[in-house]
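Visitor: So here's final-v7.cif, just mmCIF, C-alpha atoms:
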```
data_run
#
loop_
_atom_site.label_atom_id
_atom_site.label_comp_id
_atom_site.auth_asym_id
_atom_site.auth_seq_id
_atom_site.Cartn_x
_atom_site.Cartn_y
_atom_site.Cartn_z
CA PHE A 252 -1.53 23.75 25.26
CA GLY A 253 -0.51 24.44 21.66
CA VAL A 254 2.81 26.04 22.61
CA ILE A 255 5.99 24.66 20.99
CA ASP A 256 8.05 22.64 23.50
CA PRO A 257 11.57 24.16 23.50
CA THR A 258 13.03 21.04 25.17
CA PHE A 259 12.27 18.92 22.08
CA GLY A 260 15.08 18.83 19.51
CA THR A 261 16.64 22.26 18.95
CA ALA A 262 14.34 25.08 20.02
CA GLY A 263 11.36 22.75 19.67
CA ALA A 264 12.10 21.17 16.28
CA THR A 265 14.11 18.33 14.75
CA THR A 266 14.97 18.77 11.08
CA SER A 267 18.13 16.82 10.16
CA PHE A 268 16.90 13.33 9.34
CA ALA A 269 19.41 12.07 6.77
CA VAL A 270 22.69 10.23 7.28
CA GLU A 271 25.64 12.50 7.90
CA GLY A 272 27.27 13.34 4.57
CA ALA A 273 24.49 11.76 2.49
CA VAL A 274 22.77 13.36 -0.46
CA LEU A 275 19.48 15.01 0.57
CA ARG A 276 20.81 15.78 4.03
CA ASN A 277 17.49 17.22 5.15
CA CYS A 278 15.03 14.67 3.83
CA GLY A 279 11.32 15.20 3.41
CA LEU A 280 9.17 13.61 6.11
CA THR A 281 6.45 11.26 4.81
CA GLN A 282 5.18 9.24 7.82
CA ILE A 283 5.48 9.24 11.59
CA TRP A 284 4.67 6.65 14.30
CA GLU A 285 4.90 6.64 18.10
CA GLN A 286 6.50 3.77 19.98
CA PRO A 287 6.05 2.79 23.65
CA GLY A 288 7.99 5.11 25.92
CA GLY A 289 7.51 8.16 23.70
CA ASP A 290 10.08 7.36 20.98
CA ILE A 291 9.11 8.40 17.46
CA VAL A 292 9.83 6.49 14.24
CA ILE A 293 9.80 8.56 11.08
CA GLN A 294 9.97 7.73 7.39
CA THR A 295 11.84 10.05 5.06
CA SER A 296 13.19 9.78 1.55
CA ALA A 297 16.34 8.28 3.11
CA GLY A 298 14.47 5.58 5.07
CA LEU A 299 13.31 4.95 8.64
CA ARG A 300 14.89 6.78 11.59
CA ARG A 301 14.00 6.84 15.28
CA LEU A 302 13.94 9.89 17.51
CA ARG A 303 14.11 9.67 21.28
CA SER A 304 11.37 11.36 23.27
CA ASP A 305 13.55 14.50 23.50
CA GLY A 306 13.87 14.70 19.71
CA SER A 307 17.47 13.46 19.49
CA LEU A 308 18.45 10.83 16.93
CA ASP A 309 18.60 7.22 18.19
CA THR A 310 21.61 5.60 16.48
CA THR A 311 20.74 2.17 17.92
CA PHE A 312 17.82 1.93 15.47
CA GLY A 313 18.38 0.15 12.16
CA THR A 314 21.95 -0.10 10.87
CA ALA A 315 25.10 1.33 12.46
CA ASN A 316 24.19 4.90 11.47
CA GLY A 317 20.63 4.72 12.79
CA LEU A 318 18.98 4.34 9.39
CA THR A 319 16.80 1.58 7.94
CA PRO A 320 16.83 2.07 4.15
CA THR A 321 13.40 1.57 2.59
CA LYS A 322 12.53 1.02 -1.04
CA GLY A 323 8.82 1.83 -1.30
CA THR A 324 5.63 2.09 0.76
CA VAL A 325 5.97 1.39 4.50
CA THR A 326 3.29 0.47 7.02
CA ARG A 327 3.47 -0.60 10.66
CA THR A 328 1.80 -3.78 11.92
CA ALA A 329 -0.25 -4.06 15.10
CA ASP A 330 2.72 -5.54 16.99
CA GLY A 331 4.98 -2.61 16.12
CA ARG A 332 6.97 -4.11 13.26
CA PHE A 333 7.32 -2.48 9.84
CA LEU A 334 6.47 -3.74 6.34
CA ASP A 335 8.17 -2.26 3.29
CA ILE A 336 6.64 -3.09 -0.11
CA SER A 337 8.40 -2.11 -3.32
CA GLY A 338 8.87 -3.09 -6.95
CA GLN A 339 7.62 -2.44 -10.44
CA LEU A 340 5.26 -4.19 -12.87
CA ALA A 341 5.17 -7.89 -11.91
CA ALA A 342 8.22 -7.89 -9.61
CA TRP A 343 7.10 -6.90 -6.10
CA SER A 344 8.46 -7.87 -2.71
CA VAL A 345 7.81 -7.20 0.98
CA ARG A 346 10.48 -6.81 3.66
CA ARG A 347 9.78 -6.88 7.37
CA TYR A 348 11.70 -5.04 10.07
CA ASP A 349 11.44 -5.49 13.83
CA VAL A 350 10.60 -2.71 16.30
CA ASN A 351 14.25 -1.62 16.25
CA GLY A 352 14.40 -1.28 12.47
CA ARG A 353 16.38 -4.44 11.78
CA GLU A 354 15.50 -6.89 9.02
CA ASP A 355 13.64 -10.00 10.19
CA PRO A 356 15.44 -13.03 8.65
CA SER A 357 12.60 -15.34 9.77
CA PHE A 358 10.22 -13.55 7.42
CA GLY A 359 9.77 -15.24 4.05
CA SER A 360 13.10 -16.19 2.46
CA GLY A 361 15.92 -14.38 4.24
CA GLY A 362 13.62 -11.57 5.32
CA VAL A 363 11.89 -11.08 1.95
CA VAL A 364 8.53 -12.26 0.60
CA ASP A 365 8.10 -12.08 -3.16
CA LEU A 366 4.55 -11.21 -4.16
CA TYR A 367 3.23 -13.26 -7.06
CA VAL A 368 1.27 -10.46 -8.68
CA ALA A 369 1.28 -11.92 -12.19
CA ALA A 370 -1.99 -13.71 -11.44
CA ALA A 371 -3.55 -10.38 -10.49
CA MET A 372 -2.75 -9.13 -13.99
CA ALA A 373 -4.08 -12.13 -15.90
CA ASP A 374 -6.93 -10.03 -17.33
CA PHE A 375 -4.45 -7.73 -19.05
CA ARG A 376 -2.92 -8.16 -22.49
CA SER A 377 -0.26 -5.56 -21.65
CA VAL A 378 0.50 -3.50 -18.57
CA ASP A 379 1.54 0.16 -18.82
CA GLY A 380 1.60 0.92 -15.10
CA PHE A 381 1.34 -1.00 -11.86
CA TRP A 382 1.84 0.30 -8.35
CA VAL A 383 0.78 -0.25 -4.76
CA ASN A 384 -1.08 2.49 -2.90
CA ARG A 385 -1.26 0.75 0.47
CA ILE A 386 -0.50 -2.56 2.16
CA GLU A 387 -1.77 -3.82 5.51
CA ALA A 388 -1.16 -6.93 7.59
CA ILE A 389 -4.33 -8.50 8.99
CA GLU A 390 -5.16 -11.43 11.26
CA ASP A 391 -1.79 -11.11 13.05
CA GLY A 392 0.12 -11.31 9.78
CA ALA A 393 -1.69 -14.34 8.36
CA TRP A 394 -2.55 -12.25 5.29
CA TYR A 395 -1.34 -9.14 3.60
CA VAL A 396 -3.87 -6.99 1.81
CA ALA A 397 -2.69 -4.48 -0.78
CA SER A 398 -4.48 -1.76 -2.68
CA MET A 399 -3.04 -1.76 -6.20
CA GLN A 400 -3.64 0.32 -9.28
CA ILE A 401 -3.17 -1.32 -12.65
CA GLU A 402 -3.14 0.36 -16.06
CA GLY A 403 -2.97 -1.44 -19.38
CA ARG A 404 -4.82 -3.12 -22.26
CA LEU A 405 -7.44 -5.76 -21.52
CA GLN A 406 -7.16 -9.23 -23.02
CA SER A 407 -10.82 -9.36 -24.05
CA THR A 408 -11.36 -6.04 -25.82
CA GLY A 409 -7.93 -4.46 -26.18
CA GLU A 410 -9.23 -1.26 -24.58
CA TRP A 411 -7.03 0.78 -22.25
CA PHE A 412 -8.08 0.32 -18.64
CA SER A 413 -7.13 1.79 -15.28
CA GLY A 414 -8.56 0.54 -12.02
CA THR A 415 -7.93 -0.12 -8.35
CA PHE A 416 -7.83 -3.70 -7.09
CA ILE A 417 -7.70 -5.09 -3.57
CA VAL A 418 -5.40 -8.11 -3.57
CA ARG A 419 -4.93 -10.50 -0.64
CA PHE A 420 -1.76 -12.56 -0.18
CA LEU A 421 -0.87 -15.34 2.19
CA SER A 422 2.09 -14.69 4.47
CA ASP A 423 4.41 -16.51 2.04
CA GLY A 424 3.41 -14.21 -0.83
CA ARG A 425 0.99 -16.51 -2.66
CA LEU A 426 -2.29 -15.04 -3.80
CA ASP A 427 -5.23 -16.12 -1.63
CA ALA A 428 -7.47 -17.76 -4.23
CA THR A 429 -10.42 -17.75 -1.79
CA PHE A 430 -10.53 -13.95 -1.84
CA GLY A 431 -12.65 -12.29 -4.54
CA LYS A 432 -11.84 -13.52 -8.05
CA GLY A 433 -8.53 -15.37 -8.03
CA GLY A 434 -7.27 -13.34 -5.09
CA LYS A 435 -8.37 -9.86 -6.19
CA VAL A 436 -11.41 -7.58 -6.12
CA GLN A 437 -11.86 -4.61 -8.41
CA VAL A 438 -13.29 -1.68 -6.46
CA SER A 439 -12.82 1.32 -8.74
CA ARG A 440 -12.40 2.23 -12.40
CA SER A 441 -10.49 5.46 -12.62
CA ALA A 442 -7.27 6.88 -14.02
CA ASN A 443 -6.71 9.34 -11.16
CA LEU A 444 -7.03 7.62 -7.80
CA GLY A 445 -4.09 8.85 -5.81
CA SER A 446 -3.33 7.07 -2.54
CA ALA A 447 -6.02 4.76 -1.18
CA GLY A 448 -6.76 4.14 2.50
CA LEU A 449 -7.20 0.55 3.61
CA PHE A 450 -7.91 -1.11 6.95
CA ALA A 451 -9.54 -4.20 8.43
CA GLN A 452 -12.49 -3.97 10.82
CA SER A 453 -12.86 -6.15 13.90
CA ASP A 454 -15.14 -8.63 12.05
CA GLY A 455 -12.62 -9.06 9.23
CA SER A 456 -14.36 -6.78 6.73
CA LEU A 457 -12.07 -4.54 4.70
CA VAL A 458 -12.70 -0.84 4.22
CA VAL A 459 -10.99 0.87 1.30
CA ALA A 460 -11.06 4.46 0.08
CA ALA A 461 -10.49 4.65 -3.67
CA GLY A 462 -11.10 7.65 -5.84
CA ARG A 463 -14.13 9.54 -4.53
CA ALA A 464 -15.80 6.57 -2.84
CA ILE A 465 -15.43 4.31 0.19
CA TYR A 466 -16.11 0.58 -0.13
CA ARG A 467 -16.48 -2.21 2.40
CA LEU A 468 -15.65 -5.78 1.42
CA GLN A 469 -17.49 -8.48 3.32
CA SER A 470 -15.54 -10.90 5.48
CA SER A 471 -17.67 -13.92 4.53
CA ASP A 472 -17.72 -15.79 1.23
CA ALA A 473 -21.52 -15.50 0.89
CA PRO A 474 -22.67 -14.55 -2.64
CA SER A 475 -22.98 -10.81 -3.17
CA PRO A 476 -24.89 -8.94 -5.89
CA GLY A 477 -21.83 -6.75 -6.36
CA PHE A 478 -22.15 -3.34 -7.95
CA VAL A 479 -22.26 -1.85 -11.42
CA ILE A 480 -19.68 0.58 -12.81
CA LEU A 481 -20.74 2.63 -15.83
CA GLY A 482 -18.13 4.22 -18.02
CA PRO A 483 -16.70 6.34 -19.44
CA ALA A 484 -17.52 9.10 -16.97
CA GLU A 485 -17.15 11.86 -19.59
CA PRO A 486 -20.14 12.92 -21.75
CA VAL A 487 -20.44 11.04 -25.04
CA LEU A 488 -21.35 13.09 -28.10
CA VAL A 489 -23.55 11.26 -30.61
CA VAL A 490 -24.86 12.72 -33.85
CA GLU A 491 -28.41 11.77 -34.78
CA GLY A 492 -28.49 8.34 -36.32
CA GLY A 493 -25.09 7.46 -34.87
CA ARG A 494 -24.11 5.04 -32.12
CA ALA A 495 -22.44 5.27 -28.72
CA ARG A 496 -20.53 2.48 -27.01
CA ILE A 497 -21.06 2.45 -23.24
CA ILE A 498 -19.10 0.00 -21.07
CA VAL A 499 -20.89 -1.52 -18.09
CA ALA A 500 -18.95 -3.62 -15.60
CA ARG A 501 -20.36 -5.60 -12.68
CA THR A 502 -17.84 -6.40 -9.95
CA GLY A 503 -17.78 -7.78 -6.42
#
```
With the file now loaded, output its structure as structure tokens.

Guide:
Amino acid sequence: FGVIDPTFGTAGATTSFAVEGAVLRNCGLTQIWEQPGGDIVIQTSAGLRRLRSDGSLDTTFGTANGLTPTKGTVTRTADGRFLDISGQLAAWSVRRYDVNGREDPSFGSGGVVDLYVAAAMADFRSVDGFWVNRIEAIEDGAWYVASMQIEGRLQSTGEWFSGTFIVRFLSDGRLDATFGKGGKVQVSRSANLGSAGLFAQSDGSLVVAAGRAIYRLQSSDAPSPGFVILGPAEPVLVVEGGRARIIVARTG
């Protein structure tokens, strides 16, 4: 055990993932999944490719050259299909590919579901940044749950704000108004979150890793006391006789 298998690829390694003649011939590897039979699907900066169990490139996957171009963050559903979410600010969309890397025209409108994220940003006067850390399909694709980070100015106070929200969409891209507050739940207030993990438990509860904490969102709609976020996290210097403004937010 632990010895490189020389029968896999060339001398035990497969490195050329890009399309022949394309820019970035040797693309960086970002994700990897196993399929039944030992085939391996990989995501690189060029898109999705499939390797046979011996490490050779499977040109029957995706388009004619064996590549499924992707535009953003990719995840695989429980039934082996792939979701690709991409966009910027309020314009986000999800594409679905089958187990062989081909677009699914039965998904949404011509294979694309537009996410109506404007409602998730209704609390903001202006948005400076907006991106998706993770997206998962739950309940056999009945919902899509995304972990999003939003940065901008709040409507109420005008202060700059950065936080992570869990947003749930119906399969046609509409926000699920029964989830949290108008379809979203704020779980973290931070400017430096990085990627967030997200998955659904067997009872429907959602577990999300954001910043330096892990949260679990209940599957029922029973009232919850929520939790309090105190900010800013940095020390506040106050001269004697002066004042300090501390922001306290209660969410969930």

Visitor: Which one is closest to Arg301 (chain A): A:Gly288, A:Gly352, A:Gly331, A:Gly260? Count only C-alpha atoms.

Guide: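 Once distances to Arg301 (chain A) are computed over only C-alpha atoms, the minimum belongs to A:Gly352.
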
Visitor: CA of Val254 (chain A) and CA of Leu280 (chain A) are how many Å apart?

Guide: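 Computed distance, CA of Val254 (chain A) to CA of Leu280 (chain A), equals 21.6 Å.
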
Visitor: Applied to the shown file, which residues does the PyMOL selection byres ((chain A and resi 286) around 10) return, written as a count of residues only?

Guide: 14

Visitor: Given the file shown, determine the residues that the PyMOL selection byres ((chain A and resi 418) around 10) selects; report them as a PyMOL selection string.

Guide: chain A and resi 368+371+386+395-399+415-417+419-420+426-428+430-437

Visitor: Here is a test: counting all atoms listed in the file, which residue of A:Val325, A:Val490, A:Val458, A:Leu299 is nearest to Gly313 (chain A)?

Guide: A:Leu299

Visitor: Would you list the contacts of Gln294 (chain A) as a list of chain:residue names, taking every protein, DNA or RNA residue within 7 Å and counting only C-alpha atoms, but skipping same-chain residues closer than 4 positions in sequence?

Guide: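 Result of the neighbour search: A:Leu280, A:Thr281, A:Gln282, A:Ile283, A:Gly298, A:Leu299, A:Arg300.
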
Visitor: Generate a file of the selected residues that holds C-alpha atoms, formatted as a PDB file, in the coordinates of the input.

Guide:
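Output contents, as saved in result06.pdb:
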```pdb
ATOM      1  CA  LEU A 280       9.170  13.610   6.110  1.00  0.00           C
ATOM      2  CA  THR A 281       6.450  11.260   4.810  1.00  0.00           C
ATOM      3  CA  GLN A 282       5.180   9.240   7.820  1.00  0.00           C
ATOM      4  CA  ILE A 283       5.480   9.240  11.590  1.00  0.00           C
ATOM      5  CA  GLY A 298      14.470   5.580   5.070  1.00  0.00           C
ATOM      6  CA  LEU A 299      13.310   4.950   8.640  1.00  0.00           C
ATOM      7  CA  ARG A 300      14.890   6.780  11.590  1.00  0.00           C
TER       8      ARG A 300
END
```

Visitor: For Gly362 (chain A), list every protein, DNA or RNA residue within 12 Å, evaluated using all atoms listed in the file, and leave out those in the same chain fewer than 5 positions away; present the list as a list in words.

Guide: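 The residues satisfying every condition are Phe333, Leu334, Asp335, Ser344, Val345, Arg346, Arg347, Tyr348, Asp349, Arg353, Glu354, Asp355, Pro356, Ser357, Ser422 and Asp423 of chain A.
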
Visitor: Please produce an output containing C-alpha atoms for each residue in the selection, written as a short mmCIF file (atom, residue, chain, number, x, y, z; two decimals), keeping the file's coordinate frame.

Guide:
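That gives us part-v4.cif:
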```
data_model
loop_
_atom_site.label_atom_id
_atom_site.label_comp_id
_atom_site.auth_asym_id
_atom_site.auth_seq_id
_atom_site.Cartn_x
_atom_site.Cartn_y
_atom_site.Cartn_z
CA PHE A 333 7.32 -2.48 9.84
CA LEU A 334 6.47 -3.74 6.34
CA ASP A 335 8.17 -2.26 3.29
CA SER A 344 8.46 -7.87 -2.71
CA VAL A 345 7.81 -7.20 0.98
CA ARG A 346 10.48 -6.81 3.66
CA ARG A 347 9.78 -6.88 7.37
CA TYR A 348 11.70 -5.04 10.07
CA ASP A 349 11.44 -5.49 13.83
CA ARG A 353 16.38 -4.44 11.78
CA GLU A 354 15.50 -6.89 9.02
CA ASP A 355 13.64 -10.00 10.19
CA PRO A 356 15.44 -13.03 8.65
CA SER A 357 12.60 -15.34 9.77
CA SER A 422 2.09 -14.69 4.47
CA ASP A 423 4.41 -16.51 2.04
#
```

Visitor: CA of Ala315 (chain A) and CA of Val364 (chain A) are how many Å apart?

Guide: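 Computing it gives 24.5 Å between the two atoms.
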
Visitor: Evaluate the PyMOL selection byres ((chain A and resi 403) around 9) and record the selected residues as a CSV table (one decimal) with C-alpha atoms, in the frame of the given file, following the chain and residue labels used in the document.

Guide:
```
chain,number,residue,atom,x,y,z
A,375,PHE,CA,-4.4,-7.7,-19.0
A,376,ARG,CA,-2.9,-8.2,-22.5
A,377,SER,CA,-0.3,-5.6,-21.6
A,378,VAL,CA,0.5,-3.5,-18.6
A,379,ASP,CA,1.5,0.2,-18.8
A,380,GLY,CA,1.6,0.9,-15.1
A,381,PHE,CA,1.3,-1.0,-11.9
A,401,ILE,CA,-3.2,-1.3,-12.6
A,402,GLU,CA,-3.1,0.4,-16.1
A,404,ARG,CA,-4.8,-3.1,-22.3
A,405,LEU,CA,-7.4,-5.8,-21.5
A,409,GLY,CA,-7.9,-4.5,-26.2
A,410,GLU,CA,-9.2,-1.3,-24.6
A,411,TRP,CA,-7.0,0.8,-22.2
A,412,PHE,CA,-8.1,0.3,-18.6
A,413,SER,CA,-7.1,1.8,-15.3
```

Visitor: In Å to one decimal, how far is CA of Gly448 (chain A) from CA of Trp343 (chain A)?

Guide: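 Result for CA of Trp343 (chain A) versus CA of Gly448 (chain A): 19.7 Å, one decimal.
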